[in-house]
Each structure stands twice: as C-alpha cells, then as structure tokens.
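Have a look at start_10.cif; it's mmCIF, C-alpha atoms:
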```cif
data_data
loop_
_atom_site.group_PDB
_atom_site.id
_atom_site.type_symbol
_atom_site.label_atom_id
_atom_site.label_comp_id
_atom_site.auth_asym_id
_atom_site.auth_seq_id
_atom_site.Cartn_x
_atom_site.Cartn_y
_atom_site.Cartn_z
ATOM 1 C CA MET Y 1 -16.006 -18.302 -19.825
ATOM 2 C CA ASN Y 2 -13.438 -15.811 -18.514
ATOM 3 C CA THR Y 3 -12.545 -13.892 -21.698
ATOM 4 C CA PRO Y 4 -10.910 -10.639 -20.469
ATOM 5 C CA PHE Y 5 -7.442 -12.280 -20.501
ATOM 6 C CA ILE Y 6 -7.865 -13.800 -23.987
ATOM 7 C CA LYS Y 7 -7.759 -10.561 -26.003
ATOM 8 C CA PRO Y 8 -4.322 -9.466 -24.693
ATOM 9 C CA HIS Y 9 -2.999 -12.933 -25.664
ATOM 10 C CA PHE Y 10 -4.202 -12.739 -29.255
ATOM 11 C CA HIS Y 11 -0.613 -12.646 -30.556
ATOM 12 C CA LEU Y 12 0.152 -15.879 -28.667
ATOM 13 C CA LEU Y 13 -2.900 -17.527 -30.202
ATOM 14 C CA VAL Y 14 -1.639 -16.475 -33.635
ATOM 15 C CA ILE Y 15 1.778 -17.992 -32.862
ATOM 16 C CA LEU Y 16 0.085 -21.180 -31.674
ATOM 17 C CA PHE Y 17 -2.017 -21.463 -34.826
ATOM 18 C CA ILE Y 18 0.885 -20.735 -37.194
ATOM 19 C CA THR Y 19 3.228 -23.140 -35.399
ATOM 20 C CA LEU Y 20 0.797 -26.075 -35.304
ATOM 21 C CA THR Y 21 -0.332 -25.448 -38.874
ATOM 22 C CA THR Y 22 3.279 -25.322 -40.082
ATOM 23 C CA VAL Y 23 4.272 -28.507 -38.252
ATOM 24 C CA THR Y 24 1.198 -30.401 -39.474
ATOM 25 C CA THR Y 25 1.572 -29.182 -43.079
ATOM 26 C CA ALA Y 26 5.317 -29.924 -43.181
ATOM 27 C CA THR Y 27 4.966 -33.460 -41.875
ATOM 28 C CA PHE Y 28 2.125 -34.389 -44.195
ATOM 29 C CA THR Y 29 3.989 -32.792 -47.106
ATOM 30 C CA LEU Y 30 7.226 -34.649 -46.420
ATOM 31 C CA GLY Y 31 5.660 -38.000 -45.547
ATOM 32 C CA GLU Y 32 3.085 -40.419 -46.857
ATOM 33 C CA LEU Y 33 0.066 -41.930 -45.162
ATOM 34 C CA LYS Y 34 0.536 -45.408 -43.737
ATOM 35 C CA PRO Y 35 -1.672 -48.244 -44.939
ATOM 36 C CA SER Y 36 -4.641 -48.780 -42.610
ATOM 37 C CA ASN Y 37 -3.395 -52.246 -41.646
ATOM 38 C CA GLU Y 38 -0.218 -50.685 -40.172
ATOM 39 C CA LEU Y 39 -2.015 -48.184 -37.949
ATOM 40 C CA ASP Y 40 -1.827 -48.661 -34.181
ATOM 41 C CA TYR Y 41 -5.042 -47.036 -33.031
ATOM 42 C CA PHE Y 42 -4.302 -47.609 -29.363
ATOM 43 C CA ASP Y 43 -1.020 -45.651 -29.542
ATOM 44 C CA ALA Y 44 -2.677 -43.011 -31.712
ATOM 45 C CA LEU Y 45 -5.434 -42.563 -29.122
ATOM 46 C CA GLY Y 46 -2.966 -42.176 -26.271
ATOM 47 C CA GLU Y 47 -0.649 -39.761 -28.066
ATOM 48 C CA GLY Y 48 -3.570 -37.813 -29.493
ATOM 49 C CA GLY Y 49 -5.034 -37.436 -26.009
ATOM 50 C CA MET Y 50 -1.721 -36.125 -24.673
ATOM 51 C CA THR Y 51 -1.516 -33.648 -27.559
ATOM 52 C CA LEU Y 52 -5.040 -32.457 -26.864
ATOM 53 C CA MET Y 53 -4.387 -32.095 -23.142
ATOM 54 C CA THR Y 54 -1.365 -29.837 -23.691
ATOM 55 C CA LEU Y 55 -3.569 -27.649 -25.882
ATOM 56 C CA VAL Y 56 -6.105 -27.526 -23.037
ATOM 57 C CA TRP Y 57 -3.312 -26.505 -20.633
ATOM 58 C CA ILE Y 58 -2.311 -23.713 -22.984
ATOM 59 C CA GLY Y 59 -5.910 -22.577 -23.170
ATOM 60 C CA PHE Y 60 -6.358 -22.473 -19.387
ATOM 61 C CA THR Y 61 -3.041 -20.651 -18.989
ATOM 62 C CA LEU Y 62 -4.124 -17.907 -21.378
ATOM 63 C CA LEU Y 63 -7.601 -17.752 -19.831
ATOM 64 C CA SER Y 64 -6.363 -17.335 -16.272
ATOM 65 C CA ARG Y 65 -3.209 -15.224 -16.526
ATOM 66 C CA PRO Y 66 -2.423 -11.634 -17.533
ATOM 67 C CA THR Y 67 0.269 -10.818 -20.060
ATOM 68 C CA GLY Y 68 3.852 -10.911 -18.852
ATOM 69 C CA LYS Y 69 7.118 -12.797 -18.728
ATOM 70 C CA VAL Y 70 5.822 -15.733 -16.688
ATOM 71 C CA THR Y 71 2.856 -16.236 -19.016
ATOM 72 C CA ASN Y 72 5.127 -16.133 -22.082
ATOM 73 C CA TRP Y 73 7.426 -18.755 -20.557
ATOM 74 C CA LEU Y 74 4.532 -20.997 -19.631
ATOM 75 C CA PHE Y 75 3.137 -20.677 -23.137
ATOM 76 C CA SER Y 76 6.536 -21.374 -24.779
ATOM 77 C CA GLY Y 77 7.217 -24.433 -22.646
ATOM 78 C CA LEU Y 78 3.766 -25.903 -23.253
ATOM 79 C CA LEU Y 79 3.971 -25.150 -26.973
ATOM 80 C CA LEU Y 80 7.287 -27.003 -27.329
ATOM 81 C CA MET Y 81 5.870 -29.967 -25.429
ATOM 82 C CA ASN Y 82 2.799 -29.887 -27.649
ATOM 83 C CA ILE Y 83 4.984 -29.906 -30.783
ATOM 84 C CA SER Y 84 6.749 -33.082 -29.649
ATOM 85 C CA MET Y 85 3.451 -34.761 -28.814
ATOM 86 C CA LEU Y 86 1.906 -33.628 -32.092
ATOM 87 C CA LEU Y 87 4.850 -35.076 -34.036
ATOM 88 C CA ASP Y 88 4.535 -38.346 -32.113
ATOM 89 C CA PHE Y 89 0.804 -38.399 -32.882
ATOM 90 C CA ILE Y 90 1.279 -37.665 -36.584
ATOM 91 C CA ASP Y 91 4.064 -40.274 -36.716
ATOM 92 C CA GLU Y 92 1.378 -42.917 -36.127
ATOM 93 C CA PHE Y 93 -0.163 -42.051 -39.509
ATOM 94 C CA ILE Y 94 2.848 -40.964 -41.609
ATOM 95 C CA ILE Y 95 5.792 -42.796 -43.165
ATOM 96 C CA TYR Y 96 8.733 -40.538 -43.904
ATOM 97 C CA PRO Y 97 11.068 -41.201 -46.817
ATOM 98 C CA ASP Y 98 14.698 -41.973 -46.083
ATOM 99 C CA ASN Y 99 15.805 -38.396 -46.795
ATOM 100 C CA SER Y 100 13.310 -37.072 -44.194
ATOM 101 C CA ALA Y 101 14.093 -39.543 -41.459
ATOM 102 C CA TRP Y 102 15.616 -36.673 -39.434
ATOM 103 C CA LEU Y 103 12.070 -35.678 -38.500
ATOM 104 C CA THR Y 104 11.678 -38.860 -36.482
ATOM 105 C CA ALA Y 105 15.038 -38.246 -34.810
ATOM 106 C CA ILE Y 106 14.196 -34.740 -33.596
ATOM 107 C CA GLU Y 107 10.499 -35.171 -32.803
ATOM 108 C CA SER Y 108 11.272 -35.709 -29.115
ATOM 109 C CA LEU Y 109 13.719 -32.796 -28.849
ATOM 110 C CA PRO Y 110 11.195 -29.959 -28.215
ATOM 111 C CA ALA Y 111 9.700 -31.753 -25.189
ATOM 112 C CA PRO Y 112 12.751 -31.648 -22.846
ATOM 113 C CA VAL Y 113 13.489 -28.056 -23.876
ATOM 114 C CA GLY Y 114 9.861 -27.208 -23.148
ATOM 115 C CA MET Y 115 10.087 -28.911 -19.751
ATOM 116 C CA ILE Y 116 13.153 -26.849 -18.849
ATOM 117 C CA ILE Y 117 11.351 -23.651 -19.827
ATOM 118 C CA MET Y 118 8.269 -24.805 -17.925
ATOM 119 C CA SER Y 119 10.372 -25.436 -14.804
ATOM 120 C CA ILE Y 120 11.772 -21.902 -14.957
ATOM 121 C CA ALA Y 121 8.278 -20.526 -15.523
ATOM 122 C CA LEU Y 122 6.814 -22.485 -12.602
ATOM 123 C CA TYR Y 123 9.589 -21.261 -10.316
ATOM 124 C CA HIS Y 124 8.794 -17.631 -11.165
ATOM 125 C CA TRP Y 125 5.064 -18.380 -10.910
ATOM 126 C CA HIS Y 126 5.710 -19.740 -7.415
ATOM 127 C CA ARG Y 127 7.499 -16.515 -6.410
ATOM 128 C CA GLU Y 128 4.722 -14.463 -7.969
ATOM 129 C CA GLN Y 129 2.079 -16.433 -6.062
ATOM 130 C CA MET Y 130 3.974 -16.036 -2.786
ATOM 131 C CA THR Y 131 3.930 -12.263 -3.285
ATOM 132 C CA ILE Y 132 0.195 -12.335 -4.055
ATOM 133 C CA ASN Y 133 -0.477 -14.497 -0.980
ATOM 134 C CA ALA Y 134 1.441 -12.045 1.212
ATOM 135 C CA GLN Y 135 -0.658 -9.189 -0.150
ATOM 136 C CA LEU Y 136 -3.845 -11.174 0.479
ATOM 137 C CA ARG Y 137 -2.798 -11.866 4.059
ATOM 138 C CA ARG Y 138 -2.136 -8.157 4.609
ATOM 139 C CA THR Y 139 -5.496 -7.298 3.061
ATOM 140 C CA GLU Y 140 -7.265 -9.874 5.236
ATOM 141 C CA ARG Y 141 -5.507 -8.558 8.338
ATOM 142 C CA VAL Y 142 -6.475 -4.970 7.483
ATOM 143 C CA TYR Y 143 -10.069 -6.054 6.888
ATOM 144 C CA ARG Y 144 -10.102 -7.992 10.143
ATOM 145 C CA ASP Y 145 -8.691 -4.989 12.020
ATOM 146 C CA HIS Y 146 -11.160 -2.647 10.348
ATOM 147 C CA ASN Y 147 -13.956 -5.005 11.260
ATOM 148 C CA LEU Y 148 -13.087 -4.303 14.903
ATOM 149 C CA THR Y 149 -13.107 -0.526 14.523
ATOM 150 C CA ASP Y 150 -15.847 1.960 13.768
ATOM 151 C CA PHE Y 151 -15.287 3.591 10.383
ATOM 152 C CA ILE Y 152 -16.821 6.941 11.357
ATOM 153 C CA THR Y 153 -15.272 7.632 14.770
ATOM 154 C CA GLY Y 154 -12.106 5.539 14.607
ATOM 155 C CA LEU Y 155 -13.014 4.020 17.973
ATOM 156 C CA TYR Y 156 -13.364 0.285 18.505
ATOM 157 C CA SER Y 157 -16.561 -1.431 17.424
ATOM 158 C CA ALA Y 158 -19.198 -2.976 19.671
ATOM 159 C CA LYS Y 159 -17.975 -6.414 18.574
ATOM 160 C CA TYR Y 160 -14.492 -5.717 19.876
ATOM 161 C CA MET Y 161 -15.879 -4.249 23.092
ATOM 162 C CA LYS Y 162 -17.862 -7.433 23.747
ATOM 163 C CA GLN Y 163 -14.690 -9.491 23.288
ATOM 164 C CA GLN Y 164 -12.760 -7.306 25.734
ATOM 165 C CA ILE Y 165 -15.564 -7.378 28.306
ATOM 166 C CA LYS Y 166 -15.443 -11.187 28.160
ATOM 167 C CA HIS Y 167 -11.702 -11.108 28.899
ATOM 168 C CA GLN Y 168 -12.193 -8.562 31.658
ATOM 169 C CA LEU Y 169 -14.920 -10.671 33.288
ATOM 170 C CA LEU Y 170 -12.613 -13.690 33.438
ATOM 171 C CA TYR Y 171 -9.746 -11.604 34.792
ATOM 172 C CA SER Y 172 -11.921 -9.895 37.421
ATOM 173 C CA LYS Y 173 -13.312 -13.202 38.616
ATOM 174 C CA LYS Y 174 -9.821 -14.660 39.065
ATOM 175 C CA SER Y 175 -8.209 -11.550 40.567
ATOM 176 C CA ASN Y 176 -11.203 -10.262 42.572
ATOM 177 C CA LYS Y 177 -10.580 -6.838 41.055
ATOM 178 C CA PRO Y 178 -13.643 -4.942 39.820
ATOM 179 C CA PHE Y 179 -14.013 -3.044 36.584
ATOM 180 C CA THR Y 180 -16.439 -0.341 35.549
ATOM 181 C CA VAL Y 181 -18.348 0.257 32.342
ATOM 182 C CA MET Y 182 -19.566 3.693 31.335
ATOM 183 C CA MET Y 183 -22.252 4.319 28.709
ATOM 184 C CA LEU Y 184 -22.757 7.687 27.023
ATOM 185 C CA ASP Y 185 -25.778 8.725 24.969
ATOM 186 C CA ILE Y 186 -26.146 11.865 22.813
ATOM 187 C CA ARG Y 187 -29.495 13.480 23.388
ATOM 188 C CA GLN Y 188 -31.663 14.311 20.370
ATOM 189 C CA PHE Y 189 -29.049 13.060 17.922
ATOM 190 C CA ASP Y 190 -31.784 12.031 15.462
ATOM 191 C CA GLN Y 191 -33.042 15.610 15.438
ATOM 192 C CA PHE Y 192 -29.511 16.868 14.762
ATOM 193 C CA ASN Y 193 -29.229 14.476 11.793
ATOM 194 C CA ARG Y 194 -32.553 15.607 10.376
ATOM 195 C CA GLN Y 195 -31.645 19.271 10.723
ATOM 196 C CA TYR Y 196 -28.054 19.220 9.487
ATOM 197 C CA GLY Y 197 -27.726 15.951 7.567
ATOM 198 C CA HIS Y 198 -25.959 12.653 8.221
ATOM 199 C CA GLN Y 199 -22.564 13.906 7.095
ATOM 200 C CA GLN Y 200 -22.552 16.553 9.810
ATOM 201 C CA GLY Y 201 -23.854 13.918 12.208
ATOM 202 C CA ASP Y 202 -20.845 11.741 11.363
ATOM 203 C CA ASN Y 203 -18.532 14.717 11.944
ATOM 204 C CA LEU Y 204 -20.121 15.290 15.349
ATOM 205 C CA LEU Y 205 -19.712 11.625 16.305
ATOM 206 C CA ARG Y 206 -16.066 11.772 15.249
ATOM 207 C CA GLU Y 207 -15.373 14.814 17.444
ATOM 208 C CA ILE Y 208 -17.194 13.284 20.405
ATOM 209 C CA GLY Y 209 -15.097 10.137 19.985
ATOM 210 C CA GLN Y 210 -11.927 12.251 20.070
ATOM 211 C CA VAL Y 211 -13.058 14.060 23.235
ATOM 212 C CA ILE Y 212 -13.765 10.737 24.960
ATOM 213 C CA THR Y 213 -10.353 9.369 23.948
ATOM 214 C CA MET Y 214 -8.575 12.462 25.318
ATOM 215 C CA ASN Y 215 -10.246 12.074 28.705
ATOM 216 C CA ILE Y 216 -9.483 8.412 29.432
ATOM 217 C CA ARG Y 217 -6.305 6.514 30.249
ATOM 218 C CA ASP Y 218 -4.228 4.390 27.884
ATOM 219 C CA GLN Y 219 -5.517 1.183 29.501
ATOM 220 C CA ASP Y 220 -9.158 2.224 29.103
ATOM 221 C CA LEU Y 221 -11.116 1.204 26.037
ATOM 222 C CA ALA Y 222 -13.701 3.350 24.220
ATOM 223 C CA CYS Y 223 -16.042 2.144 21.496
ATOM 224 C CA ARG Y 224 -19.006 3.347 19.509
ATOM 225 C CA TYR Y 225 -21.654 0.950 20.731
ATOM 226 C CA ALA Y 226 -24.606 2.059 18.599
ATOM 227 C CA SER Y 227 -25.754 4.994 16.504
ATOM 228 C CA ASP Y 228 -25.459 7.671 19.199
ATOM 229 C CA ARG Y 229 -24.131 5.592 22.082
ATOM 230 C CA PHE Y 230 -20.592 5.093 23.294
ATOM 231 C CA VAL Y 231 -19.211 2.641 25.821
ATOM 232 C CA VAL Y 232 -15.997 2.973 27.828
ATOM 233 C CA LEU Y 233 -14.405 0.061 29.684
ATOM 234 C CA PHE Y 234 -12.317 0.975 32.753
ATOM 235 C CA PRO Y 235 -10.275 -2.130 33.758
ATOM 236 C CA ASN Y 236 -9.396 -2.588 37.445
ATOM 237 C CA THR Y 237 -11.390 0.519 38.285
ATOM 238 C CA THR Y 238 -14.048 1.129 40.908
ATOM 239 C CA SER Y 239 -17.167 3.090 40.090
ATOM 240 C CA ALA Y 240 -15.977 5.977 42.301
ATOM 241 C CA LEU Y 241 -12.845 6.436 40.217
ATOM 242 C CA ALA Y 242 -14.746 5.943 36.959
ATOM 243 C CA ASP Y 243 -17.176 8.681 38.018
ATOM 244 C CA ALA Y 244 -14.286 11.127 38.023
ATOM 245 C CA PHE Y 245 -13.490 10.246 34.416
ATOM 246 C CA SER Y 246 -17.171 10.478 33.560
ATOM 247 C CA TRP Y 247 -17.313 13.987 35.032
ATOM 248 C CA HIS Y 248 -14.321 15.091 32.924
ATOM 249 C CA ILE Y 249 -15.866 13.612 29.775
ATOM 250 C CA GLU Y 250 -19.262 15.200 30.465
ATOM 251 C CA ASN Y 251 -17.699 18.570 31.229
ATOM 252 C CA SER Y 252 -15.538 18.476 28.091
ATOM 253 C CA LEU Y 253 -18.452 17.532 25.856
ATOM 254 C CA ALA Y 254 -20.639 20.234 27.413
ATOM 255 C CA ASN Y 255 -18.062 22.763 26.227
ATOM 256 C CA LEU Y 256 -17.599 21.222 22.789
ATOM 257 C CA ALA Y 257 -18.541 24.061 20.422
ATOM 258 C CA PHE Y 258 -19.415 22.110 17.283
ATOM 259 C CA LYS Y 259 -19.897 24.276 14.197
ATOM 260 C CA VAL Y 260 -21.780 23.048 11.157
ATOM 261 C CA GLY Y 261 -19.995 23.845 7.908
ATOM 262 C CA SER Y 262 -19.313 27.582 7.535
ATOM 263 C CA ASP Y 263 -21.894 28.486 10.176
ATOM 264 C CA GLN Y 264 -20.151 30.351 12.984
ATOM 265 C CA ARG Y 265 -22.835 29.484 15.502
ATOM 266 C CA ALA Y 266 -21.770 26.783 17.952
ATOM 267 C CA ASN Y 267 -23.897 23.737 18.674
ATOM 268 C CA TYR Y 268 -23.546 22.419 22.210
ATOM 269 C CA GLN Y 269 -24.649 18.823 22.665
ATOM 270 C CA LYS Y 270 -26.336 17.457 25.748
ATOM 271 C CA ILE Y 271 -25.418 13.951 26.783
ATOM 272 C CA THR Y 272 -26.527 11.326 29.278
ATOM 273 C CA ILE Y 273 -23.889 9.297 31.134
ATOM 274 C CA CYS Y 274 -24.235 6.319 33.429
ATOM 275 C CA SER Y 275 -21.714 3.870 34.828
ATOM 276 C CA LYS Y 276 -21.735 0.613 36.776
ATOM 277 C CA GLU Y 277 -19.152 -1.509 38.550
ATOM 278 C CA PHE Y 278 -18.887 -5.264 37.860
ATOM 279 C CA ASP Y 279 -17.118 -8.024 39.762
ATOM 280 C CA GLY Y 280 -16.777 -10.719 37.084
ATOM 281 C CA ASN Y 281 -19.820 -12.783 38.005
ATOM 282 C CA GLN Y 282 -21.831 -11.714 34.976
ATOM 283 C CA SER Y 283 -21.718 -12.537 31.280
ATOM 284 C CA ASP Y 284 -20.806 -10.023 28.598
ATOM 285 C CA TYR Y 285 -24.426 -10.042 27.483
ATOM 286 C CA GLN Y 286 -25.618 -9.269 31.011
ATOM 287 C CA VAL Y 287 -23.115 -6.434 31.378
ATOM 288 C CA LEU Y 288 -24.274 -4.651 28.262
ATOM 289 C CA GLU Y 289 -27.936 -5.406 28.955
ATOM 290 C CA LEU Y 290 -27.654 -3.929 32.457
ATOM 291 C CA MET Y 291 -25.901 -0.869 31.051
ATOM 292 C CA SER Y 292 -28.631 -0.355 28.465
ATOM 293 C CA GLN Y 293 -31.311 -0.661 31.142
ATOM 294 C CA GLN Y 294 -29.482 1.779 33.386
ATOM 295 C CA MET Y 295 -29.123 4.235 30.497
ATOM 296 C CA ASP Y 296 -32.856 4.031 29.737
ATOM 297 C CA ASN Y 297 -33.694 4.608 33.409
ATOM 298 C CA THR Y 298 -31.292 7.545 33.618
ATOM 299 C CA LYS Y 299 -32.831 9.158 30.545
ATOM 300 C CA ILE Y 300 -36.335 8.729 32.005
ATOM 301 C CA LYS Y 301 -35.216 10.397 35.255
ATOM 302 C CA ASN Y 302 -33.569 13.255 33.342
ATOM 303 C CA ASN Y 303 -36.734 13.807 31.318
ATOM 304 C CA LYS Y 304 -38.855 13.912 34.496
ATOM 305 C CA HIS Y 305 -36.523 16.480 36.066
ATOM 306 C CA GLN Y 306 -36.641 18.534 32.905
ATOM 307 C CA ASP Y 307 -40.448 18.420 32.855
ATOM 308 C CA LYS Y 308 -40.566 19.598 36.500
ATOM 309 C CA ARG Y 309 -38.272 22.542 35.714
ATOM 310 C CA VAL Y 310 -40.458 23.501 32.755
ATOM 311 C CA ALA Y 311 -43.585 23.310 34.935
#
```

Rewrite the coordinates I just gave you, this time as structure tokens.
Amino acid sequence: MNTPFIKPHFHLLVILFITLTTVTTATFTLGELKPSNELDYFDALGEGGMTLMTLVWIGFTLLSRPTGKVTNWLFSGLLLMNISMLLDFIDEFIIYPDNSAWLTAIESLPAPVGMIIMSIALYHWHREQMTINAQLRRTERVYRDHNLTDFITGLYSAKYMKQQIKHQLLYSKKSNKPFTVMMLDIRQFDQFNRQYGHQQGDNLLREIGQVITMNIRDQDLACRYASDRFVVLFPNTTSALADAFSWHIENSLANLAFKVGSDQRANYQKITICSKEFDGNQSDYQVLELMSQQMDNTKIKNNKHQDKRVA
C-alpha cells in the first residue's frame, strides 16, 4: 500500500473519524431502533454499500494525492456526500421522535453541497493534471532528444546518424546526387584511458567533437559512432570535396594540444580517417558496414607503413 501520502493527511483522518462518530452517536442518541419486522434489508444494503464506497473514495484520494487545496476540497465534498449517505443508511434502522424529525428533513442536504464542492475540486484537479501532462510531454521530448545525442561529446548519437543516412539514401537515389561519409578513429585511445583515466578520456572526446564540428558545414552531420570513432555525413557531396574537409579536420586534430589536468605537457592525438562516396543504392547497414571495413583496412595499412619506417 502507498503510505507516504497518508501521514500528511492525518488531520483529515481525524476530522473524518470525529465527524462520522458524532453523526452516528447523535442519531442513535436522538432516535430509537426500529422493530426488526419494519426493517427493509434491501434498502439498507444498497444505502450501506453507497456509504462504504464513498469512504473508499476518500481513502484512495488520501492515498494518491499530496496535501493541498485540491485535496482538501475533494475530501470535503466526499465527506459531505458520505454524511448524507450515512444518515440515509442509519435512517433504515432508527425512528426519530416528533421533536427530532428535522434530522430526516436535512439528511439529504449535505449531498448536493458536497457535489458542488466536488465539482469545483474536479475542475481544479483537471487544470492541475493538464499542467502535469504538459510537464511530462516536455520531459519525454527532452529524453527523446537526449536519446539522439551523445551525452559526453554533445554530438548526435549513432542511432540518429543511421536515421539520417536512411533519409540521405532515399534522397540520393531520387535526385542522383551522391553523398559522402567520413569515419574518424582515435589511435590508442584505450591506452590513453588506462594512463589518464576515463574522465580525461571523456574530456578528450569532447574536445575532438568540438574540433570536428568547427571544421564542417552547417548542413553536415557529425556523430560519435562508437567509443573512439566518429562519423560525419556530407550530404550532396562528392568524395573529392569531402577529402578537403577531412584534411582540415585531420590537420586541426594533429595540432590539438590536449593537456591533462594541471599538467602543462601537451598530448597530441593521432587519428585515422577514411571516407567513401555513396549513390543511394545501398542500405544504411551496408553504408556503415563498408565504412567500418574501410577503416579497418586503413588502420592495417597505416600499421604496415609504420612498421616499415621503424625497420
């Protein structure tokens, strides 16, 4: 049972207990029990069930709502309705003397007053719920947007990149205009993480993402594709033109003097870049698979060249 909201409503529970106890005590004090042959058990069952249900409504209201004006109005309206139903229920068992006949006359009065209060409360509850729903929609939209961005670099996520490549493939196929995809890989990034820690690794990724963003056009799209890999989509761009952007990115990153903490020594990162032009006759999966294969081949070639220089 959800009890956190019950404790703040303790004063309302006290009011409920005192009110129902007072009404029950007063009616049984002023009246006399009917003979058993005059009791209408069918009516008593119906009115007793209605009385019990309003008590259940009060209970669920206090269980599910925080303290406040709307809760107090809901409670007051339900309590007045419960009083009328309780009096109707007790009336099945009690005969009032002539000088207490006014009780029968007013037993239905609390119900309409309670319904008016309930209507006001429900109106304000509706407005309250509309505000909550608006906040939930904003939260969902923020979450959805964040789900399409990389938390560390601020670039778009691989999921968003795949969606945009799908759109670009359809557009390129219809317009016969090519597009180019560039993939960038940070060399020995795992070693950097082991040496300086993951927090510094995240800082490095963030700065690399900023350098990439500064060296591409507004219509181009950059994302963090994997741990140490980035992908850039160049719409309506041939590989020759994309190579020029790749050169600028590679040159800028080669001169990125990353400093770890208070250490004044600069760390210069080596990267591997490859790019490929597409005409729209592939799937998004094929595009990224071909790029990954090309990146692996490029890294193997770079390692062979490095081994030859060392030899």

So that I can see what lies close to range 115-132 of chain Y, please list as an MDAnalysis selection string the residues with an atom at most 7 Å from it, counting only C-alpha atoms and leaving out residues fewer than 6 positions away in the same chain. chainID Y and resid 70 73:74 77

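Between CA of Thr25 in chain Y and CA of Leu62 in chain Y the interatomic distance comes to 25.1 Å.
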
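Rounded to one decimal, CA of Leu12 in chain Y and CA of Ser76 in chain Y lie 9.3 Å from each other.
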
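In this structure, CA of Phe278 in chain Y sits 15.7 Å away from CA of Gln163 in chain Y.
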
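Closest approach to Gln294 in chain Y from the set Y:Glu47, Y:Asp40, Y:Asp185, Y:Asp150 is made by Y:Asp185, with distances taken over all atoms listed in the file.
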
Between range 107-213 of chain Y and range 264-275 of chain Y, at 6 Å or less, what are the per-residue closest atom pairs and their distances in Å? Count only C-alpha atoms, order by chain and rising residue number, and return it as a tab-separated table.
```
residue	atom	partner	partner_atom	distance
Y:Val181	CA	Y:Ser275	CA	5.5
Y:Met182	CA	Y:Ser275	CA	4.1
Y:Met183	CA	Y:Cys274	CA	5.5
Y:Leu184	CA	Y:Ile273	CA	4.6
Y:Asp185	CA	Y:Thr272	CA	5.1
Y:Ile186	CA	Y:Ile271	CA	4.5
Y:Arg187	CA	Y:Ile271	CA	5.3
```

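You can rank Y:Gly59, Y:Pro8, Y:Gly114, Y:Gly280 by their closest distance to Pro178 in chain Y using all atoms listed in the file, and at the top of that list sits Y:Gly280.
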
Regenerate range 168-179 of chain Y at the level of N, CA, C and O atoms and dump it as an mmCIF file, in the coordinates of the input.
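rebuild-v7.cif written:
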```
data_model
loop_
_atom_site.group_PDB
_atom_site.id
_atom_site.type_symbol
_atom_site.label_atom_id
_atom_site.label_comp_id
_atom_site.auth_asym_id
_atom_site.auth_seq_id
_atom_site.Cartn_x
_atom_site.Cartn_y
_atom_site.Cartn_z
ATOM 1 N N GLN Y 168 -12.231 -9.269 30.386
ATOM 2 C CA GLN Y 168 -12.193 -8.562 31.658
ATOM 3 C C GLN Y 168 -12.999 -9.286 32.726
ATOM 4 O O GLN Y 168 -12.620 -9.317 33.905
ATOM 5 N N LEU Y 169 -14.108 -9.898 32.341
ATOM 6 C CA LEU Y 169 -14.920 -10.671 33.288
ATOM 7 C C LEU Y 169 -14.125 -11.845 33.848
ATOM 8 O O LEU Y 169 -14.154 -12.122 35.061
ATOM 9 N N LEU Y 170 -13.426 -12.554 32.978
ATOM 10 C CA LEU Y 170 -12.613 -13.690 33.438
ATOM 11 C C LEU Y 170 -11.496 -13.226 34.355
ATOM 12 O O LEU Y 170 -11.228 -13.840 35.395
ATOM 13 N N TYR Y 171 -10.844 -12.117 33.961
ATOM 14 C CA TYR Y 171 -9.746 -11.604 34.792
ATOM 15 C C TYR Y 171 -10.252 -11.131 36.147
ATOM 16 O O TYR Y 171 -9.638 -11.406 37.194
ATOM 17 N N SER Y 172 -11.382 -10.418 36.160
ATOM 18 C CA SER Y 172 -11.921 -9.895 37.421
ATOM 19 C C SER Y 172 -12.346 -11.018 38.358
ATOM 20 O O SER Y 172 -12.175 -10.923 39.573
ATOM 21 N N LYS Y 173 -12.882 -12.070 37.787
ATOM 22 C CA LYS Y 173 -13.312 -13.202 38.616
ATOM 23 C C LYS Y 173 -12.124 -13.891 39.258
ATOM 24 O O LYS Y 173 -12.184 -14.330 40.421
ATOM 25 N N LYS Y 174 -11.011 -13.994 38.528
ATOM 26 C CA LYS Y 174 -9.821 -14.660 39.065
ATOM 27 C C LYS Y 174 -9.083 -13.770 40.058
ATOM 28 O O LYS Y 174 -8.559 -14.228 41.066
ATOM 29 N N SER Y 175 -9.015 -12.470 39.755
ATOM 30 C CA SER Y 175 -8.209 -11.550 40.567
ATOM 31 C C SER Y 175 -8.998 -10.833 41.651
ATOM 32 O O SER Y 175 -8.402 -10.153 42.508
ATOM 33 N N ASN Y 176 -10.332 -10.973 41.628
ATOM 34 C CA ASN Y 176 -11.203 -10.262 42.572
ATOM 35 C C ASN Y 176 -11.038 -8.745 42.478
ATOM 36 O O ASN Y 176 -11.201 -8.021 43.475
ATOM 37 N N LYS Y 177 -10.697 -8.276 41.297
ATOM 38 C CA LYS Y 177 -10.580 -6.838 41.055
ATOM 39 C C LYS Y 177 -11.745 -6.392 40.177
ATOM 40 O O LYS Y 177 -11.983 -6.971 39.124
ATOM 41 N N PRO Y 178 -12.472 -5.365 40.602
ATOM 42 C CA PRO Y 178 -13.643 -4.942 39.820
ATOM 43 C C PRO Y 178 -13.243 -4.127 38.589
ATOM 44 O O PRO Y 178 -12.101 -3.659 38.465
ATOM 45 N N PHE Y 179 -14.173 -3.969 37.709
ATOM 46 C CA PHE Y 179 -14.013 -3.044 36.584
ATOM 47 C C PHE Y 179 -15.320 -2.295 36.406
ATOM 48 O O PHE Y 179 -16.371 -2.718 36.918
#
```
